[in-house]
Amino acid sequence: MASIDQPTLSPATRAIGYRFRLLYSHFSIQLMTLILLGAILYTALNWEPVFLLLIPAGIGGQMLTEYSIHRHIFHLPPPRNQRLFDLLYLCHYGHHDFPTNTKLFFVPIWFMLPVLVAGFLIYWAIFALLGFASALPMAVAFVFVGHVLTFLGYEWYHMTAHLNIRKFAPEVAVTRRHNIHHFKDFTRMFHVSYGGQIIDRAMGTAIDPDTRERLSRSEFIRTLGMKPDDPRLIRARERFAGKLGLTERQLQSARR
């Protein structure tokens, strides 16, 4: 029985605590959070009114980036080269193959960090070429605050969508949409962050509620259209089995 000083936590509270522990067990999230905190401090010390526009613009920019990377990179046709296939497997194919494996929930840092740095350098150059004296702080506000803040929000929503845990209304809505992408049609519903369905609609990859109910399951849905016993998949699973904690039973089941 819980004491007065230590009341029993509600299911919602326990769910939030569990998610934070899971989220911050990954180095990529720890590093991105440090980058965000450093960028917020730098932005505050170099504050200019234009940042009130740049940070929301960075949020919108990352929402488009999230969609574009997911659709056009993570869902590339499976490479014939095994090494390239293995990289794509760690980035995303493996997540579809084993959607409840927590080690595959998050974007690898070796992928996201170069994308982030490249984006920062590009926008820094653009602002400088446009003649802004504060090009560096502007790029920091746009990318390292707006983009990174939104990226961390995406990781929270995506992680939550794959957990059988008590969720709040926005998380439930994201989960329902994301489940369609994983278990009905992997060529639709690419956006994950809350509100991102607007981008799916604009890009023609949304599915309206009526169609969802009638939608049949795509063939080989968990392997993105590949046969489950494709040699490339088998080699990737076996190569990363130890890293991902896959059991022999899981490996055998995935082939069927």
# chains A, B, ... in the order shown; residues from 1 in each chain; ligands from 1
>>> residues_around(residues="Pro137 (chain A)", least_positions_apart="6", cutoff="10 Å", atoms="only C-alpha atoms", output="PyMOL selection string")
chain A and resi 39+42-48+51+124+127+143-144
>>> write_last_selection(atoms="C-alpha atoms", output="mmCIF file, in the first residue's frame")
data_model
loop_
_atom_site.group_PDB
_atom_site.id
_atom_site.type_symbol
_atom_site.label_atom_id
_atom_site.label_comp_id
_atom_site.auth_asym_id
_atom_site.auth_seq_id
_atom_site.Cartn_x
_atom_site.Cartn_y
_atom_site.Cartn_z
ATOM 1 C CA ALA A 39 21.514 27.015 -29.256
ATOM 2 C CA TYR A 42 23.436 31.394 -27.768
ATOM 3 C CA THR A 43 20.256 32.785 -29.294
ATOM 4 C CA ALA A 44 19.263 34.469 -26.032
ATOM 5 C CA LEU A 45 22.680 36.101 -25.708
ATOM 6 C CA ASN A 46 22.494 37.350 -29.304
ATOM 7 C CA TRP A 47 18.786 38.107 -29.371
ATOM 8 C CA GLU A 48 17.219 40.016 -32.249
ATOM 9 C CA PHE A 51 14.344 35.413 -34.297
ATOM 10 C CA TRP A 124 24.310 30.421 -42.730
ATOM 11 C CA PHE A 127 21.822 34.632 -44.794
ATOM 12 C CA VAL A 143 18.302 25.375 -37.574
ATOM 13 C CA PHE A 144 19.650 24.579 -34.108
#
>>> residues_around(residues="region 158-163 of chain A", least_positions_apart="4", cutoff="12 Å", atoms="only C-alpha atoms", output="PyMOL selection string")
chain A and resi 15-16+18-24+26+29+66+95-96+98-107+151-154+167-183+190-194
>>> closest_residue(among="A:Arg166, A:Thr211, A:Asp230, A:Ile122", to="Phe85 (chain A)", atoms="only C-alpha atoms")
A:Asp230
>>> residues_around(residues="Ala254 (chain A)", least_positions_apart="2", cutoff="8 Å", atoms="only C-alpha atoms", output="ChimeraX atom specification")
/A:97,228-229,250-252,256
>>> write_last_selection(atoms="C-alpha atoms", output="compact mmCIF listing (two decimals), in the first residue's frame")
# COMPACT_ATOMS: atom_id res chain seq x y z
CA ASP A 97 10.67 -5.16 -40.21
CA PRO A 228 10.44 -11.52 -46.31
CA ASP A 229 13.10 -14.08 -47.22
CA GLN A 250 12.34 -13.53 -34.30
CA LEU A 251 14.78 -14.04 -37.16
CA GLN A 252 13.00 -17.19 -38.28
CA ARG A 256 7.83 -15.89 -43.31
>>> residues_around(residues="Gly61 (chain A)", least_positions_apart="4", cutoff="10 Å", atoms="only C-alpha atoms", output="PyMOL selection string")
chain A and resi 54-57+65-66+142-143+146-147+150
>>> select_by_dssp(residues="region 93-122 of chain A", states="alpha helix (DSSP H)", output="ChimeraX atom specification")
/A:94-97,109-122
>>> write_last_selection(atoms="all heavy atoms", output="tab-separated table (two decimals), in the first residue's frame")
chain	number	residue	atom	x	y	z
A	94	GLY	N	14.70	-1.63	-41.18
A	94	GLY	CA	14.63	-2.49	-40.00
A	94	GLY	C	13.50	-2.12	-39.07
A	94	GLY	O	12.89	-2.99	-38.43
A	95	HIS	N	13.20	-0.84	-39.00
A	95	HIS	CA	12.09	-0.38	-38.16
A	95	HIS	C	10.76	-0.92	-38.66
A	95	HIS	O	9.90	-1.29	-37.86
A	95	HIS	CB	12.06	1.15	-38.13
A	95	HIS	CG	10.87	1.72	-37.44
A	95	HIS	ND1	10.53	1.42	-36.13
A	95	HIS	CD2	9.90	2.57	-37.89
A	95	HIS	CE1	9.43	2.05	-35.81
A	95	HIS	NE2	9.03	2.76	-36.84
A	96	HIS	N	10.57	-0.99	-39.96
A	96	HIS	CA	9.36	-1.60	-40.49
A	96	HIS	C	9.37	-3.11	-40.26
A	96	HIS	O	8.32	-3.70	-39.99
A	96	HIS	CB	9.23	-1.30	-41.99
A	96	HIS	CG	8.62	0.03	-42.27
A	96	HIS	ND1	7.26	0.20	-42.50
A	96	HIS	CD2	9.16	1.27	-42.36
A	96	HIS	CE1	7.00	1.48	-42.73
A	96	HIS	NE2	8.15	2.15	-42.64
A	97	ASP	N	10.54	-3.72	-40.39
A	97	ASP	CA	10.67	-5.16	-40.21
A	97	ASP	C	10.35	-5.58	-38.78
A	97	ASP	O	9.69	-6.59	-38.54
A	97	ASP	CB	12.11	-5.54	-40.56
A	97	ASP	CG	12.26	-6.98	-41.02
A	97	ASP	OD1	11.24	-7.63	-41.31
A	97	ASP	OD2	13.42	-7.44	-41.12
A	109	ILE	N	22.18	8.73	-35.14
A	109	ILE	CA	22.88	10.01	-35.04
A	109	ILE	C	23.82	10.21	-36.23
A	109	ILE	O	24.04	11.34	-36.68
A	109	ILE	CB	23.65	10.10	-33.70
A	109	ILE	CG1	24.15	11.53	-33.46
A	109	ILE	CG2	24.78	9.10	-33.65
A	109	ILE	CD1	23.05	12.56	-33.33
A	110	TRP	N	24.40	9.11	-36.76
A	110	TRP	CA	25.32	9.24	-37.89
A	110	TRP	C	24.60	9.69	-39.16
A	110	TRP	O	25.22	10.14	-40.11
A	110	TRP	CB	26.08	7.95	-38.14
A	110	TRP	CG	25.25	6.70	-38.24
A	110	TRP	CD1	25.05	5.77	-37.26
A	110	TRP	CD2	24.53	6.23	-39.39
A	110	TRP	NE1	24.23	4.75	-37.72
A	110	TRP	CE2	23.91	5.01	-39.02
A	110	TRP	CE3	24.34	6.71	-40.68
A	110	TRP	CZ2	23.11	4.27	-39.90
A	110	TRP	CZ3	23.55	5.99	-41.56
A	110	TRP	CH2	22.95	4.78	-41.18
A	111	PHE	N	23.27	9.58	-39.18
A	111	PHE	CA	22.50	10.11	-40.31
A	111	PHE	C	22.03	11.54	-40.01
A	111	PHE	O	22.20	12.44	-40.83
A	111	PHE	CB	21.29	9.23	-40.60
A	111	PHE	CG	20.42	9.76	-41.71
A	111	PHE	CD1	20.68	9.44	-43.03
A	111	PHE	CD2	19.35	10.62	-41.45
A	111	PHE	CE1	19.91	9.95	-44.07
A	111	PHE	CE2	18.57	11.14	-42.46
A	111	PHE	CZ	18.85	10.80	-43.78
A	112	MET	N	21.45	11.75	-38.84
A	112	MET	CA	20.80	13.02	-38.56
A	112	MET	C	21.79	14.15	-38.34
A	112	MET	O	21.54	15.29	-38.77
A	112	MET	CB	19.90	12.89	-37.32
A	112	MET	CG	18.91	14.03	-37.17
A	112	MET	SD	17.82	14.14	-38.62
A	112	MET	CE	17.43	15.88	-38.62
A	113	LEU	N	22.92	13.88	-37.69
A	113	LEU	CA	23.86	14.96	-37.39
A	113	LEU	C	24.44	15.59	-38.67
A	113	LEU	O	24.47	16.83	-38.77
A	113	LEU	CB	24.97	14.45	-36.48
A	113	LEU	CG	25.89	15.53	-35.89
A	113	LEU	CD1	25.09	16.55	-35.10
A	113	LEU	CD2	26.96	14.88	-35.01
A	114	PRO	N	24.90	14.81	-39.65
A	114	PRO	CA	25.36	15.44	-40.90
A	114	PRO	C	24.27	16.23	-41.62
A	114	PRO	O	24.55	17.29	-42.20
A	114	PRO	CB	25.82	14.25	-41.76
A	114	PRO	CG	26.16	13.18	-40.76
A	114	PRO	CD	25.17	13.36	-39.65
A	115	VAL	N	23.03	15.73	-41.59
A	115	VAL	CA	21.93	16.47	-42.20
A	115	VAL	C	21.74	17.81	-41.51
A	115	VAL	O	21.57	18.86	-42.15
A	115	VAL	CB	20.62	15.65	-42.14
A	115	VAL	CG1	19.42	16.49	-42.55
A	115	VAL	CG2	20.73	14.42	-43.03
A	116	LEU	N	21.81	17.80	-40.18
A	116	LEU	CA	21.63	19.02	-39.39
A	116	LEU	C	22.76	20.02	-39.68
A	116	LEU	O	22.49	21.21	-39.91
A	116	LEU	CB	21.59	18.67	-37.91
A	116	LEU	CG	21.32	19.82	-36.94
A	116	LEU	CD1	19.89	20.31	-37.07
A	116	LEU	CD2	21.60	19.37	-35.50
A	117	VAL	N	23.99	19.55	-39.65
A	117	VAL	CA	25.14	20.44	-39.88
A	117	VAL	C	25.11	21.00	-41.30
A	117	VAL	O	25.37	22.19	-41.51
A	117	VAL	CB	26.46	19.68	-39.61
A	117	VAL	CG1	27.66	20.52	-40.05
A	117	VAL	CG2	26.57	19.31	-38.14
A	118	ALA	N	24.78	20.15	-42.27
A	118	ALA	CA	24.70	20.61	-43.66
A	118	ALA	C	23.63	21.69	-43.80
A	118	ALA	O	23.84	22.71	-44.47
A	118	ALA	CB	24.40	19.44	-44.59
A	119	GLY	N	22.48	21.49	-43.16
A	119	GLY	CA	21.41	22.48	-43.22
A	119	GLY	C	21.84	23.79	-42.59
A	119	GLY	O	21.56	24.88	-43.13
A	120	PHE	N	22.54	23.71	-41.45
A	120	PHE	CA	23.04	24.91	-40.79
A	120	PHE	C	24.00	25.69	-41.69
A	120	PHE	O	23.89	26.91	-41.85
A	120	PHE	CB	23.72	24.54	-39.49
A	120	PHE	CG	24.51	25.65	-38.87
A	120	PHE	CD1	23.88	26.74	-38.29
A	120	PHE	CD2	25.90	25.62	-38.89
A	120	PHE	CE1	24.61	27.78	-37.73
A	120	PHE	CE2	26.63	26.65	-38.34
A	120	PHE	CZ	25.99	27.73	-37.76
A	121	LEU	N	24.94	25.00	-42.31
A	121	LEU	CA	25.92	25.66	-43.17
A	121	LEU	C	25.25	26.29	-44.39
A	121	LEU	O	25.63	27.40	-44.81
A	121	LEU	CB	26.98	24.65	-43.62
A	121	LEU	CG	27.89	24.11	-42.51
A	121	LEU	CD1	28.82	23.03	-43.06
A	121	LEU	CD2	28.69	25.24	-41.86
A	122	ILE	N	24.26	25.60	-44.93
A	122	ILE	CA	23.55	26.14	-46.09
A	122	ILE	C	22.83	27.43	-45.73
A	122	ILE	O	22.94	28.45	-46.44
A	122	ILE	CB	22.57	25.10	-46.65
A	122	ILE	CG1	23.35	23.96	-47.33
A	122	ILE	CG2	21.59	25.74	-47.65
A	122	ILE	CD1	22.49	22.77	-47.71
>>> closest_residue(among="A:Ala125, A:Leu31, A:Ala236, A:Ala202", to="Met189 (chain A)", atoms="only C-alpha atoms")
A:Ala202
>>> atom_distance(atom1="CA of Leu76 (chain A)", atom2="CA of Leu88 (chain A)")
8.4 Å
>>> atom_distance(atom1="CA of Val148 (chain A)", atom2="CA of Met32 (chain A)")
6.8 Å
>>> closest_residue(among="A:His70, A:Arg188, A:Gly245, A:Pro49", to="Met138 (chain A)", atoms="only C-alpha atoms")
A:Pro49
>>> atom_distance(atom1="CA of Tyr67 (chain A)", atom2="CA of Met203 (chain A)")
9.6 Å
